[in-house]
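One file, final-v5.cif, carrying mmCIF, C-alpha atoms:
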```
data_work
loop_
_atom_site.label_atom_id
_atom_site.label_comp_id
_atom_site.auth_asym_id
_atom_site.auth_seq_id
_atom_site.Cartn_x
_atom_site.Cartn_y
_atom_site.Cartn_z
CA MET T 1 -65.16 203.83 -105.21
CA ILE T 2 -63.66 205.76 -108.11
CA PRO T 3 -59.96 205.11 -108.74
CA LEU T 4 -57.49 207.92 -108.13
CA SER T 5 -56.26 207.72 -111.71
CA TYR T 6 -59.61 208.94 -113.08
CA TYR T 7 -59.39 212.16 -111.08
CA VAL T 8 -55.76 212.65 -112.06
CA THR T 9 -56.68 212.22 -115.73
CA VAL T 10 -59.47 214.81 -115.49
CA SER T 11 -57.17 217.26 -113.76
CA THR T 12 -54.39 216.73 -116.31
CA MET T 13 -56.79 217.38 -119.18
CA MET T 14 -58.06 220.53 -117.49
CA PHE T 15 -54.50 221.74 -116.91
CA VAL T 16 -53.54 221.22 -120.55
CA ILE T 17 -56.73 223.01 -121.70
CA GLY T 18 -55.68 225.98 -119.55
CA LEU T 19 -52.18 225.86 -121.00
CA VAL T 20 -53.50 225.81 -124.58
CA GLY T 21 -55.89 228.64 -123.69
CA ILE T 22 -52.99 230.84 -122.60
CA LEU T 23 -51.23 230.14 -125.88
CA ILE T 24 -54.12 230.61 -128.32
CA ARG T 25 -56.14 233.54 -126.96
CA LYS T 26 -55.40 237.21 -127.52
CA ASN T 27 -57.72 238.62 -124.86
CA PHE T 28 -55.96 239.34 -121.56
CA LEU T 29 -59.08 238.42 -119.56
CA ILE T 30 -59.34 234.97 -121.15
CA ILE T 31 -55.67 234.38 -120.32
CA LEU T 32 -56.52 235.08 -116.68
CA PHE T 33 -59.42 232.59 -116.99
CA SER T 34 -56.99 229.99 -118.29
CA ILE T 35 -54.79 230.55 -115.25
CA GLU T 36 -57.84 229.93 -113.06
CA LEU T 37 -58.44 226.68 -114.95
CA MET T 38 -54.88 225.54 -114.27
CA LEU T 39 -55.15 226.42 -110.57
CA ASN T 40 -58.41 224.46 -110.38
CA ALA T 41 -56.76 221.46 -111.99
CA ALA T 42 -54.14 221.58 -109.24
CA ASN T 43 -56.95 221.76 -106.67
CA ILE T 44 -58.62 218.61 -108.05
CA ASN T 45 -55.30 216.79 -107.80
CA LEU T 46 -54.69 217.91 -104.21
CA VAL T 47 -58.17 216.95 -103.02
CA ALA T 48 -58.06 213.61 -104.86
CA PHE T 49 -54.75 212.67 -103.27
CA SER T 50 -55.94 213.84 -99.87
CA HIS T 51 -58.93 211.50 -100.25
CA HIS T 52 -56.72 208.67 -101.45
CA PHE T 53 -54.28 208.87 -98.54
CA GLY T 54 -56.92 209.57 -95.90
CA GLU T 55 -55.26 212.82 -94.83
CA VAL T 56 -56.77 216.30 -94.77
CA ASP T 57 -53.56 218.19 -95.67
CA GLY T 58 -54.31 218.35 -99.39
CA GLN T 59 -57.62 220.06 -98.75
CA VAL T 60 -55.94 222.66 -96.52
CA ILE T 61 -53.40 223.42 -99.24
CA SER T 62 -56.18 223.69 -101.84
CA LEU T 63 -57.78 226.34 -99.60
CA PHE T 64 -54.48 228.26 -99.75
CA ILE T 65 -54.53 227.94 -103.54
CA ILE T 66 -58.06 229.36 -103.67
CA THR T 67 -56.88 232.34 -101.59
CA VAL T 68 -53.89 232.96 -103.83
CA ALA T 69 -56.15 232.73 -106.89
CA ALA T 70 -58.43 235.40 -105.42
CA ALA T 71 -55.42 237.67 -104.79
CA GLU T 72 -54.19 237.02 -108.32
CA ALA T 73 -57.60 237.92 -109.73
CA ALA T 74 -57.64 241.22 -107.83
CA VAL T 75 -54.16 242.29 -108.97
CA GLY T 76 -54.66 241.01 -112.53
CA LEU T 77 -57.91 242.91 -112.93
CA ALA T 78 -56.30 246.08 -111.57
CA ILE T 79 -53.56 245.71 -114.18
CA ILE T 80 -56.18 245.20 -116.91
CA ILE T 81 -58.04 248.35 -115.86
CA VAL T 82 -54.86 250.45 -115.89
CA LEU T 83 -53.84 249.05 -119.28
CA PHE T 84 -57.27 249.67 -120.72
CA ARG T 85 -57.17 253.26 -119.50
CA ARG T 86 -53.85 253.82 -121.29
CA LYS T 87 -54.23 251.83 -124.51
CA ALA T 88 -57.98 251.06 -124.79
CA THR T 89 -57.32 247.41 -125.66
CA THR T 90 -57.00 244.04 -123.95
CA ASN T 91 -55.28 242.40 -126.91
CA VAL T 92 -51.95 241.08 -125.66
CA ASP T 93 -50.35 241.46 -129.09
CA GLU T 94 -50.77 245.23 -128.91
CA LEU T 95 -49.30 245.46 -125.40
CA ASN T 96 -45.68 245.39 -126.48
CA LEU T 97 -44.26 248.45 -124.74
CA MET T 98 -41.80 246.38 -122.68
CA LYS T 99 -40.74 244.12 -125.56
CA TRP T 100 -36.99 244.26 -126.41
CA MET I 1 -72.76 202.52 -109.96
CA VAL I 2 -74.50 205.73 -108.92
CA GLU I 3 -71.15 207.16 -107.83
CA ILE I 4 -69.44 206.42 -111.13
CA SER I 5 -72.28 207.95 -113.15
CA PHE I 6 -72.11 211.13 -111.04
CA PHE I 7 -68.35 211.16 -111.51
CA LEU I 8 -68.72 210.78 -115.28
CA TYR I 9 -71.25 213.61 -115.41
CA PHE I 10 -69.08 216.01 -113.42
CA ALA I 11 -65.86 215.03 -115.19
CA VAL I 12 -67.26 215.31 -118.71
CA LEU I 13 -68.99 218.61 -117.95
CA THR I 14 -65.81 219.97 -116.34
CA ILE I 15 -63.75 219.17 -119.42
CA LEU I 16 -66.41 220.39 -121.85
CA SER I 17 -66.95 223.69 -120.12
CA SER I 18 -63.22 224.28 -119.76
CA ILE I 19 -62.94 223.84 -123.52
CA MET I 20 -65.81 226.29 -123.91
CA THR I 21 -64.03 228.72 -121.57
CA ILE I 22 -61.15 229.07 -123.99
CA GLY I 23 -63.19 228.49 -127.15
CA PHE I 24 -66.02 231.02 -127.14
CA ARG I 25 -65.59 234.29 -128.97
CA SER I 26 -67.39 236.59 -126.58
CA PRO I 27 -65.70 237.10 -123.18
CA ILE I 28 -69.10 237.05 -121.44
CA TYR I 29 -69.79 233.52 -122.70
CA CYS I 30 -66.28 232.53 -121.61
CA THR I 31 -67.00 233.82 -118.10
CA LEU I 32 -70.25 231.85 -117.90
CA ALA I 33 -68.47 228.71 -119.13
CA LEU I 34 -65.82 229.25 -116.45
CA LEU I 35 -68.63 229.50 -113.87
CA SER I 36 -69.98 226.15 -115.06
CA THR I 37 -66.47 224.65 -114.84
CA LEU I 38 -66.02 225.84 -111.26
CA LEU I 39 -69.41 224.49 -110.17
CA HIS I 40 -68.72 221.08 -111.70
CA VAL I 41 -65.30 220.99 -110.05
CA ALA I 42 -67.15 221.63 -106.77
CA GLY I 43 -69.26 218.56 -107.61
CA LEU I 44 -66.07 216.51 -108.01
CA PHE I 45 -64.94 217.77 -104.58
CA ILE I 46 -68.20 216.57 -103.04
CA LEU I 47 -67.64 213.13 -104.60
CA LEU I 48 -64.22 213.15 -102.90
CA ASN I 49 -65.83 213.77 -99.47
CA ALA I 50 -64.39 217.30 -99.33
CA GLU I 51 -67.57 219.21 -98.56
CA PHE I 52 -65.83 222.21 -97.02
CA VAL I 53 -63.58 222.81 -100.02
CA ALA I 54 -66.59 222.39 -102.31
CA ALA I 55 -68.52 225.03 -100.38
CA ILE I 56 -65.54 227.41 -100.40
CA GLN I 57 -65.10 226.77 -104.12
CA MET I 58 -68.70 227.80 -104.74
CA ILE I 59 -68.71 230.79 -102.39
CA VAL I 60 -65.28 232.26 -103.07
CA TYR I 61 -64.69 231.28 -106.70
CA ALA I 62 -68.14 231.21 -108.23
CA GLY I 63 -69.57 233.83 -105.90
CA ALA I 64 -66.81 236.39 -105.49
CA VAL I 65 -64.03 236.00 -108.06
CA LEU I 66 -66.36 235.37 -111.01
CA VAL I 67 -68.52 238.37 -110.10
CA LEU I 68 -65.34 240.47 -109.96
CA TYR I 69 -64.40 239.28 -113.44
CA LEU I 70 -67.91 240.00 -114.74
CA PHE I 71 -67.84 243.50 -113.24
CA VAL I 72 -64.59 244.32 -115.00
CA LEU I 73 -65.88 242.84 -118.25
CA MET I 74 -68.98 245.04 -118.11
CA LEU I 75 -66.84 248.04 -117.14
CA LEU I 76 -64.47 247.68 -120.08
CA ASN I 77 -67.20 247.31 -122.74
CA LEU I 78 -65.01 245.23 -125.03
CA LYS I 79 -65.81 244.64 -128.64
CA THR I 80 -64.75 241.21 -129.83
CA PRO I 81 -62.75 241.22 -133.02
CA GLU I 82 -63.24 238.60 -135.72
CA ASP I 83 -59.76 237.10 -135.18
CA PHE I 84 -59.85 236.36 -131.47
CA LEU I 85 -57.42 233.45 -131.78
CA HIS I 86 -53.70 233.84 -132.01
CA LYS I 87 -52.07 232.73 -135.23
CA GLN I 88 -50.03 230.12 -133.35
CA VAL I 89 -53.24 228.16 -132.60
CA TRP I 90 -52.33 224.96 -134.50
CA VAL I 91 -48.84 224.84 -133.01
CA ALA I 92 -50.35 225.38 -129.55
CA LEU I 93 -52.94 222.62 -130.03
CA PHE I 94 -50.29 220.19 -131.29
CA PHE I 95 -47.99 220.83 -128.35
CA GLY I 96 -50.96 220.73 -125.98
CA VAL I 97 -51.76 217.18 -127.09
CA VAL I 98 -48.09 216.21 -126.86
CA ILE I 99 -47.78 217.62 -123.34
CA LEU I 100 -51.03 215.90 -122.28
CA ILE I 101 -49.79 212.50 -123.47
CA GLU I 102 -46.40 213.08 -121.87
CA ILE I 103 -47.86 214.03 -118.48
CA LEU I 104 -50.26 211.06 -118.54
CA ILE I 105 -47.49 208.59 -119.40
CA GLY I 106 -45.30 210.06 -116.67
CA LEU I 107 -48.13 209.94 -114.14
CA PHE I 108 -49.17 206.38 -114.80
CA LYS I 109 -45.61 205.18 -114.38
CA ALA I 110 -45.57 206.78 -110.92
CA PRO I 111 -45.78 204.40 -107.94
CA PHE I 112 -48.79 205.81 -106.09
CA PHE I 113 -51.54 204.34 -108.29
CA SER I 114 -50.63 200.78 -107.37
CA LYS I 115 -50.95 201.52 -103.65
CA PRO I 116 -54.40 200.82 -102.21
CA PRO I 117 -56.30 203.80 -100.81
CA VAL I 118 -55.79 204.48 -97.13
CA ALA I 119 -58.93 204.63 -95.04
CA LYS I 120 -59.40 207.51 -92.64
CA SER I 121 -58.71 206.82 -88.99
CA GLU I 122 -61.82 206.36 -86.84
CA GLU I 123 -61.41 209.47 -84.70
CA LEU I 124 -60.85 211.73 -87.72
CA ALA I 125 -63.89 210.32 -89.52
CA ALA I 126 -66.02 210.95 -86.44
CA LEU I 127 -65.01 214.65 -86.42
CA GLY I 128 -66.37 215.51 -89.83
CA ASN I 129 -64.67 217.26 -92.71
CA THR I 130 -64.93 220.88 -91.56
CA ALA I 131 -63.71 220.25 -88.02
CA GLU I 132 -60.82 218.22 -89.40
CA ILE I 133 -59.76 221.04 -91.73
CA GLY I 134 -60.11 223.58 -88.92
CA LEU I 135 -57.89 221.56 -86.59
CA SER I 136 -55.26 221.08 -89.26
CA LEU I 137 -55.41 224.73 -90.36
CA PHE I 138 -54.92 226.19 -86.90
CA ASN I 139 -52.36 223.69 -85.61
CA LYS I 140 -50.12 222.29 -88.30
CA TYR I 141 -50.65 225.02 -90.88
CA LEU I 142 -50.88 228.07 -88.63
CA LEU I 143 -47.84 229.86 -90.07
CA PRO I 144 -48.89 229.34 -93.75
CA PHE I 145 -52.36 230.55 -92.77
CA GLU I 146 -50.91 233.81 -91.42
CA ILE I 147 -48.70 234.20 -94.50
CA VAL I 148 -51.74 233.78 -96.76
CA GLY I 149 -53.36 236.62 -94.80
CA MET I 150 -50.32 238.78 -95.59
CA ILE I 151 -50.60 237.82 -99.29
CA LEU I 152 -54.22 238.97 -99.31
CA LEU I 153 -53.28 242.25 -97.64
CA GLY I 154 -50.54 242.76 -100.23
CA ALA I 155 -53.00 242.03 -103.04
CA VAL I 156 -55.51 244.54 -101.67
CA ILE I 157 -52.89 247.28 -101.37
CA GLY I 158 -51.40 246.42 -104.76
CA ALA I 159 -54.77 246.51 -106.50
CA LEU I 160 -55.59 249.86 -104.89
CA VAL I 161 -52.26 251.44 -105.83
CA LEU I 162 -52.49 250.11 -109.39
CA ALA I 163 -56.05 251.14 -110.13
CA LYS I 164 -55.90 254.54 -108.41
CA LYS I 165 -56.22 257.51 -110.76
CA TYR I 166 -53.36 259.95 -110.24
CA ARG I 167 -53.98 263.63 -110.77
CA GLU I 168 -51.81 265.53 -113.23
CA ALA I 169 -50.00 267.43 -110.48
CA ASP I 170 -48.79 264.19 -108.82
CA ALA I 171 -47.51 262.55 -111.97
#
```

Here is a file; write its structure as structure tokens.
Amino acid sequence: MIPLSYYVTVSTMMFVIGLVGILIRKNFLIILFSIELMLNAANINLVAFSHHFGEVDGQVISLFIITVAAAEAAVGLAIIIVLFRRKATTNVDELNLMKW
Amino acid sequence: MVEISFFLYFAVLTILSSIMTIGFRSPIYCTLALLSTLLHVAGLFILLNAEFVAAIQMIVYAGAVLVLYLFVLMLLNLKTPEDFLHKQVWVALFFGVVILIEILIGLFKAPFFSKPPVAKSEELAALGNTAEIGLSLFNKYLLPFEIVGMILLGAVIGALVLAKKYREADA
């Protein structure tokens, strides 16, 4: 029987890795990957707590999160394709049309 | 003993491959590292007796979403520049560690760790994981389920409208 705190620690570390990934990478695609990492960290938490409390609700909500992540991937990739067609780059530092 | 060693394997590999996801230079390697992360997270789900979520994680995430990402990566034909990291990398790492410590301190002060785990009721355990999720999804969570369907529809239409090529005359 593995304590709940171990799972929560793993998920926290994964979340922070995703957060740091968003901050340090320039490639738009990798930033989307980092968002997936953060969503997965939330999923680990939900499933761990659902196991801990003997309820199935957390697993149902994690299914919803997986669905939303799939929708986010579809829209994000469409945005990347449009941007690449216009500017031929995925570097977020060069995508500053809407800045200021 | 066996359980804890499996947990350690999945946990360490999850963390390592998430670091590799944000650390590799080439986006293809990053995608493959993300695939490894997702599969190991599915292993953690199996350890938590959530077989259905683990299967969905593998089929939807690793099977569908990752292939979508790989397709777009191949389509774009990116060249990776030498300086793939932002110049704020040290600041980001420092604040990452600070936020990690802060969240962990906050979490371990929370009351739920001291409570003993609740065992599943007999009738639920007899049903099995998938039947349990199905019952919950179509009774208690029916309205959220329908709303998620609408979100997917919106995403499909949005992606189509965004990625469509407009002719000169329309623009």

Show which residues sit within 12 Å of I:Ser26, as a tab-separated table (two decimals) with C-alpha atoms, in the coordinates of the input. Count only C-alpha atoms, and ignore same-chain residues fewer than 6 positions away.
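Result file part.tsv:
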```tsv
chain	number	residue	atom	x	y	z
T	25	ARG	CA	-56.14	233.54	-126.96
T	27	ASN	CA	-57.72	238.62	-124.86
T	29	LEU	CA	-59.08	238.42	-119.56
T	30	ILE	CA	-59.34	234.97	-121.15
I	20	MET	CA	-65.81	226.29	-123.91
I	32	LEU	CA	-70.25	231.85	-117.90
I	33	ALA	CA	-68.47	228.71	-119.13
I	73	LEU	CA	-65.88	242.84	-118.25
I	77	ASN	CA	-67.20	247.31	-122.74
I	78	LEU	CA	-65.01	245.23	-125.03
I	79	LYS	CA	-65.81	244.64	-128.64
I	80	THR	CA	-64.75	241.21	-129.83
I	81	PRO	CA	-62.75	241.22	-133.02
I	82	GLU	CA	-63.24	238.60	-135.72
I	83	ASP	CA	-59.76	237.10	-135.18
I	84	PHE	CA	-59.85	236.36	-131.47
I	85	LEU	CA	-57.42	233.45	-131.78
```

Exercise: T:Arg86 partners within 12 Å, all atoms listed in the file, chain neighbours under 4 positions left out, as a CSV table (one decimal) with C-alpha atoms, in the frame of the given file:
```
chain,number,residue,atom,x,y,z
T,79,ILE,CA,-53.6,245.7,-114.2
T,80,ILE,CA,-56.2,245.2,-116.9
T,81,ILE,CA,-58.0,248.4,-115.9
T,82,VAL,CA,-54.9,250.4,-115.9
T,90,THR,CA,-57.0,244.0,-124.0
T,94,GLU,CA,-50.8,245.2,-128.9
T,95,LEU,CA,-49.3,245.5,-125.4
T,97,LEU,CA,-44.3,248.4,-124.7
I,163,ALA,CA,-56.0,251.1,-110.1
I,165,LYS,CA,-56.2,257.5,-110.8
```

With the cut-off set at 6 Å and counting all atoms listed in the file, tabulate each residue of chain T with an atom at most that distance from an atom of chain I, showing the nearest atom pair and its distance in Å to one decimal, ordered by chain and increasing number, as a Markdown table.
```
| residue | atom | partner | partner_atom | distance |
| --- | --- | --- | --- | --- |
| T:Val20 | CA | I:Gly96 | CA | 5.8 |
| T:Gly21 | CA | I:Ile22 | CA | 5.3 |
| T:Ile24 | CA | I:His86 | CA | 4.9 |
| T:Arg25 | CA | I:Leu85 | CA | 5.0 |
| T:Lys26 | CA | I:His86 | CA | 5.9 |
| T:His52 | CA | I:Pro117 | CA | 4.9 |
| T:Phe53 | CA | I:Val118 | CA | 4.9 |
| T:Gly54 | CA | I:Lys120 | CA | 4.6 |
| T:Ala71 | CA | I:Ala155 | CA | 5.3 |
| T:Val75 | CA | I:Ala159 | CA | 4.9 |
| T:Ala78 | CA | I:Ala163 | CA | 5.3 |
| T:Val82 | CA | I:Ala163 | CA | 5.9 |
```

For a test of reading the model, state the distance in Å between atom CA of I:Ile46 and atom CA of T:Leu46, rounded to one decimal.
13.6 Å

Compare I:Leu142, I:Tyr166, I:Ile59, I:Leu39 by their minimum atom-to-atom distance to T:Phe64, counting only C-alpha atoms, and give me the closest one.
I:Leu142

Expressed in Å to a single decimal, how great is the separation between atom CA of I:Leu35 and atom CA of T:Lys87?
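Spanning atom CA of I:Leu35 to atom CA of T:Lys87 is a straight-line distance of 28.6 Å.
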
On this structure, which residues satisfy the PyMOL selection byres ((chain T and resi 16-19) around 6), written as a ChimeraX atom specification?
/T:13-15,20-22,34,37-38

So what do you get for atom CA of T:Ser11 versus atom CA of T:Ala42, distance-wise?
6.9 Å

From the list T:Asn40, T:Thr12, T:Asn96, T:Asn45, which residue is nearest T:Thr67 when using all atoms listed in the file?
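Checking each candidate against T:Thr67, we get T:Asn40 as the closest.
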
Could you list the residues chosen by the PyMOL selection byres ((chain T and resi 58) around 10) in this structure as a VMD selection string?
(chain T and resid 43 to 51 53 to 57 59 to 64) or (chain I and resid 133)

Nearest candidate to T:Ile31 (options T:Lys99, T:Pro3, T:Leu83, T:Leu77; using all atoms listed in the file):
T:Leu77
